[in-house]
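Text of the file data24.csv, holding CSV, C-alpha atoms:
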chain,number,residue,atom,x,y,z
V,1,MET,CA,-270.8,-136.6,-32.4
V,2,THR,CA,-268.2,-139.0,-31.1
V,3,SER,CA,-268.9,-142.1,-33.2
V,4,ASP,CA,-268.2,-143.0,-36.8
V,5,ALA,CA,-271.3,-141.9,-38.6
V,6,SER,CA,-270.4,-144.1,-41.6
V,7,ALA,CA,-270.8,-147.3,-39.5
V,8,GLU,CA,-274.0,-149.0,-40.2
V,9,ILE,CA,-276.9,-148.8,-37.8
V,10,ARG,CA,-278.6,-152.2,-37.1
V,11,LEU,CA,-282.1,-152.5,-35.6
V,12,ARG,CA,-283.1,-155.4,-33.5
V,13,ALA,CA,-285.8,-156.3,-30.9
V,14,PRO,CA,-285.1,-155.3,-27.3
V,15,ARG,CA,-284.4,-158.0,-24.7
V,16,ILE,CA,-285.9,-158.1,-21.3
V,17,ASP,CA,-282.5,-158.3,-19.6
V,18,GLU,CA,-281.5,-154.9,-21.1
V,19,LEU,CA,-284.5,-152.9,-20.1
V,20,ALA,CA,-282.6,-151.1,-17.3
V,21,ALA,CA,-279.8,-150.1,-19.7
V,22,LEU,CA,-282.3,-148.9,-22.2
V,23,SER,CA,-284.2,-146.9,-19.6
V,24,ASP,CA,-280.9,-145.3,-18.6
V,25,LEU,CA,-280.2,-144.5,-22.3
V,26,CYS,CA,-283.6,-142.7,-22.4
V,27,LEU,CA,-282.7,-140.6,-19.4
V,28,ARG,CA,-279.2,-139.7,-20.8
V,29,SER,CA,-280.9,-138.7,-24.1
V,30,LYS,CA,-283.5,-136.5,-22.2
V,31,ALA,CA,-280.7,-134.8,-20.3
V,32,VAL,CA,-279.2,-133.3,-23.5
V,33,TRP,CA,-281.9,-130.6,-23.3
V,34,GLY,CA,-280.2,-129.2,-20.2
V,35,TYR,CA,-282.6,-130.4,-17.5
V,36,ASP,CA,-281.5,-130.6,-13.9
V,37,ALA,CA,-281.4,-133.7,-11.8
V,38,ALA,CA,-284.7,-133.0,-10.1
V,39,PHE,CA,-286.5,-132.7,-13.5
V,40,LEU,CA,-284.9,-135.9,-14.8
V,41,GLU,CA,-285.8,-137.8,-11.6
V,42,ALA,CA,-289.4,-136.6,-12.2
V,43,CYS,CA,-289.2,-138.2,-15.7
V,44,ARG,CA,-287.7,-141.5,-14.5
V,45,ARG,CA,-291.0,-143.4,-14.1
V,46,GLU,CA,-292.3,-142.4,-17.5
V,47,LEU,CA,-289.0,-143.3,-19.2
V,48,THR,CA,-288.5,-146.6,-17.4
V,49,LEU,CA,-289.2,-149.6,-19.7
V,50,THR,CA,-291.1,-152.6,-18.4
V,51,PRO,CA,-291.7,-156.1,-19.8
V,52,GLU,CA,-295.5,-155.4,-19.9
V,53,GLU,CA,-294.9,-152.3,-21.9
V,54,LEU,CA,-292.8,-154.2,-24.4
V,55,ARG,CA,-295.6,-156.9,-24.8
V,56,ARG,CA,-298.2,-154.3,-25.8
V,57,THR,CA,-296.1,-152.1,-28.1
V,58,ALA,CA,-293.6,-152.4,-31.0
V,59,ALA,CA,-290.0,-151.5,-30.0
V,60,CYS,CA,-286.5,-151.7,-31.4
V,61,VAL,CA,-283.0,-151.0,-30.4
V,62,ALA,CA,-280.5,-149.3,-32.7
V,63,GLU,CA,-276.9,-150.6,-32.6
V,64,ARG,CA,-273.8,-149.3,-34.2
V,65,GLU,CA,-270.7,-151.5,-34.1
V,66,GLY,CA,-272.4,-153.7,-31.4
V,67,ARG,CA,-273.2,-150.7,-29.1
V,68,ARG,CA,-276.7,-149.7,-28.2
V,69,VAL,CA,-277.1,-146.2,-29.6
V,70,GLY,CA,-280.9,-145.7,-29.7
V,71,PHE,CA,-284.3,-146.9,-28.7
V,72,CYS,CA,-287.7,-146.5,-30.3
V,73,GLN,CA,-291.2,-147.6,-29.2
V,74,VAL,CA,-294.6,-147.3,-30.9
V,75,ALA,CA,-298.1,-148.1,-29.8
V,76,ILE,CA,-300.6,-148.9,-32.5
V,77,ASP,CA,-304.3,-148.9,-32.3
V,78,GLY,CA,-306.1,-149.3,-35.6
V,79,PRO,CA,-305.5,-146.2,-37.8
V,80,ASP,CA,-303.7,-144.4,-35.0
V,81,ALA,CA,-300.1,-144.9,-33.8
V,82,ASP,CA,-298.3,-143.1,-31.0
V,83,LEU,CA,-294.5,-142.7,-31.0
V,84,VAL,CA,-294.1,-143.5,-27.3
V,85,LYS,CA,-290.3,-143.2,-27.2
V,86,LEU,CA,-287.5,-142.3,-29.5
V,87,PHE,CA,-284.2,-141.7,-27.8
V,88,VAL,CA,-280.6,-141.5,-29.0
V,89,GLU,CA,-277.3,-141.7,-27.1
V,90,PRO,CA,-276.0,-138.1,-26.7
V,91,GLY,CA,-272.8,-138.9,-28.6
V,92,GLU,CA,-274.8,-140.3,-31.5
V,93,ILE,CA,-277.1,-137.3,-32.0
V,94,ARG,CA,-276.9,-136.0,-35.6
V,95,GLY,CA,-275.3,-139.3,-36.7
V,96,GLY,CA,-278.4,-140.7,-38.5
V,97,CYS,CA,-279.7,-142.9,-35.7
V,98,GLY,CA,-282.8,-140.7,-35.0
V,99,ARG,CA,-283.8,-140.8,-38.7
V,100,VAL,CA,-283.3,-144.6,-38.9
V,101,LEU,CA,-285.5,-145.1,-35.8
V,102,PHE,CA,-288.1,-142.6,-37.0
V,103,ASP,CA,-288.3,-144.4,-40.4
V,104,TRP,CA,-288.7,-147.7,-38.6
V,105,ALA,CA,-291.5,-146.3,-36.5
V,106,VAL,CA,-293.4,-145.0,-39.5
V,107,GLY,CA,-292.8,-148.3,-41.4
V,108,ILE,CA,-294.0,-150.5,-38.5
V,109,ALA,CA,-297.1,-148.3,-37.9
V,110,ARG,CA,-298.0,-148.2,-41.6
V,111,ASP,CA,-297.5,-151.9,-42.0
V,112,ALA,CA,-299.9,-152.5,-39.1
V,113,GLY,CA,-302.6,-150.4,-40.8
V,114,ALA,CA,-302.1,-147.0,-39.1
V,115,ARG,CA,-302.7,-143.9,-41.1
V,116,ARG,CA,-301.1,-141.4,-38.8
V,117,MET,CA,-298.7,-141.2,-35.8
V,118,THR,CA,-298.8,-138.7,-33.0
V,119,ILE,CA,-295.7,-137.6,-31.1
V,120,ASP,CA,-295.8,-135.9,-27.7
V,121,ALA,CA,-292.4,-134.3,-28.0
V,122,ASP,CA,-289.9,-132.6,-25.8
V,123,PRO,CA,-289.8,-129.0,-27.0
V,124,GLY,CA,-286.1,-129.4,-27.9
V,125,ALA,CA,-286.9,-132.3,-30.2
V,126,VAL,CA,-289.6,-130.5,-32.2
V,127,PRO,CA,-287.2,-129.3,-35.0
V,128,PHE,CA,-286.1,-132.9,-35.6
V,129,TYR,CA,-289.6,-134.2,-35.9
V,130,GLU,CA,-290.5,-131.3,-38.2
V,131,ARG,CA,-287.6,-132.3,-40.4
V,132,MET,CA,-289.1,-135.8,-40.5
V,133,GLY,CA,-292.4,-134.3,-41.8
V,134,ALA,CA,-294.4,-134.0,-38.6
V,135,LYS,CA,-296.6,-131.0,-38.1
V,136,CYS,CA,-297.5,-129.4,-34.7
V,137,VAL,CA,-301.2,-130.0,-33.9
V,138,GLY,CA,-301.5,-128.7,-30.4
V,139,LEU,CA,-300.3,-129.1,-26.8
V,140,VAL,CA,-300.8,-132.0,-24.3
V,141,PRO,CA,-300.1,-132.3,-20.6
V,142,SER,CA,-296.7,-133.9,-19.7
V,143,GLY,CA,-296.9,-137.4,-18.1
V,144,SER,CA,-294.1,-136.5,-15.7
V,145,ILE,CA,-294.3,-132.8,-14.8
V,146,PRO,CA,-297.6,-131.5,-13.5
V,147,GLY,CA,-298.6,-128.3,-15.2
V,148,ARG,CA,-296.1,-128.7,-18.1
V,149,LEU,CA,-297.4,-128.8,-21.6
V,150,LEU,CA,-295.7,-130.6,-24.5
V,151,PRO,CA,-296.0,-130.0,-28.2
V,152,ARG,CA,-298.1,-132.7,-29.9
V,153,LEU,CA,-297.0,-133.4,-33.5
V,154,GLU,CA,-298.6,-135.6,-36.1
V,155,VAL,CA,-297.3,-137.3,-39.2
V,156,ALA,CA,-299.8,-138.8,-41.7
V,157,PHE,CA,-298.9,-141.6,-44.1
Written as structure tokens, that's how I'd like the structure from this file.
Amino acid sequence: MTSDASAEIRLRAPRIDELAALSDLCLRSKAVWGYDAAFLEACRRELTLTPEELRRTAACVAEREGRRVGFCQVAIDGPDADLVKLFVEPGEIRGGCGRVLFDWAVGIARDAGARRMTIDADPGAVPFYERMGAKCVGLVPSGSIPGRLLPRLEVAF
């Protein structure tokens, strides 16, 4: 980790004018799992944020010392919530940002009346989500790579 982990993480709403930068953050974060350029390009559409997507979901940006260090997005439908995105700048991984974003996602979903949240996770991120209390409940098709299955996790609250 290259940043000062003791610096406070602030959460705020994303702005429309930073969607391209946040989409790039998501791709950089995805790349930490060692994927090649072709794989990441196949994920680009799914990881690109749009104004419409922000209107129908809850989302937040994590900042440390004025720099964007993470992004989180949750879709809520009654008792069910879906963690759509949770990405952290590579240099910030293991610096507390992921936990702060996950706690925000649980809080926003719970406050909206959800009782559980599903997470279709990159296989490399499963240990993180398990540390947050999520349990693996099956496999689901990837939205980016035909034939690829992703672990589905769930956390109840």
**Request:** For the point (-290.3, -131.0, -35.8) in the file's frame, write as a list in words all residues with an atom no more than 12 Å away, counting only C-alpha atoms.
**Result:** Phe102, Thr118, Ile119, Asp120, Ala121, Asp122, Pro123, Gly124, Ala125, Val126, Pro127, Phe128, Tyr129, Glu130, Arg131, Met132, Gly133, Ala134, Lys135, Cys136, Val137, Pro151, Arg152, Leu153, Glu154 and Val155 of chain V
**Prompt:** From the set V:Asp24, V:Gly66, V:Gly78, V:Thr57, which residue has the shortest atom-to-atom contact distance to Glu41 (chain V), counting only C-alpha atoms?
**Reply:**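 Checking each candidate against Glu41 (chain V), we get V:Asp24 as the closest.
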**Request:** Rank nothing, just name the residue among V:Ala37, V:Val106, V:Val32, V:Val61 nearest to Glu18 (chain V), using all atoms listed in the file.
**Result:**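 Counting all atoms listed in the file, the residue closest to Glu18 (chain V) is V:Val61.
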**Asked** Any idea what the distance is between CA of Leu139 (chain V) and CA of Arg110 (chain V)?
**Response** 24.3 Å
**Length of the CA of Phe39 (chain V) to CA of Lys85 (chain V) vector [Å]** =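 Computing it gives 17.7 Å between the two atoms.
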**Prompt:** Between V:Phe87, V:Phe157, V:Phe71, V:Trp33, which has the minimum distance to Arg116 (chain V) (counting all atoms listed in the file)?
**Reply:**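 Closest residue, counting all atoms listed in the file: V:Phe157.
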**Message:** Given the point (-276.2, -142.9, -28.8) in the file's coordinates, find the residues that have an atom at most 9 Å from it, counting all atoms listed in the file, and give them as a ChimeraX atom specification.
**Reply:** /V:3,25,29,62-64,67-70,87-93,95,97
**Prompt:** How far is it from CA of Pro141 (chain V) to CA of Arg44 (chain V), in Å with one decimal?
**Reply:**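 Rounded to one decimal, the two atoms are 16.6 Å apart.
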Write out as an mmCIF file with C-alpha atoms, in the coordinates of the input each polymer residue whose atoms come within 9 Å of Val100 (chain V), counting only C-alpha atoms; drop sequence neighbours fewer than 4 positions from it.
data_model
loop_
_atom_site.group_PDB
_atom_site.id
_atom_site.type_symbol
_atom_site.label_atom_id
_atom_site.label_comp_id
_atom_site.auth_asym_id
_atom_site.auth_seq_id
_atom_site.Cartn_x
_atom_site.Cartn_y
_atom_site.Cartn_z
ATOM 1 C CA ILE V 9 -276.900 -148.800 -37.800
ATOM 2 C CA LEU V 11 -282.100 -152.500 -35.600
ATOM 3 C CA ALA V 62 -280.500 -149.300 -32.700
ATOM 4 C CA GLY V 96 -278.400 -140.700 -38.500
ATOM 5 C CA TRP V 104 -288.700 -147.700 -38.600
ATOM 6 C CA ALA V 105 -291.500 -146.300 -36.500
#
**Request:** Please provide as a list of chain:residue names all residues within 8 Å of Leu27 (chain V), with the sequence filter that same-chain residues fewer than 3 positions apart are discarded (counting all atoms listed in the file).
**Result:**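 So the residues in contact are V:Ser23, V:Asp24, V:Lys30, V:Ala31, V:Leu40, V:Cys43, V:Arg44, V:Leu47.
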As lines of an AutoDock Vina configuration file, please: the centre and edge lengths in Å, to one decimal, of an axis-aligned box enclosing every listed atom of region 20-32 of chain V with 4 Å added on each side.
center_x = -281.7
center_y = -142.2
center_z = -20.7
size_x = 13.0
size_y = 25.8
size_z = 14.8
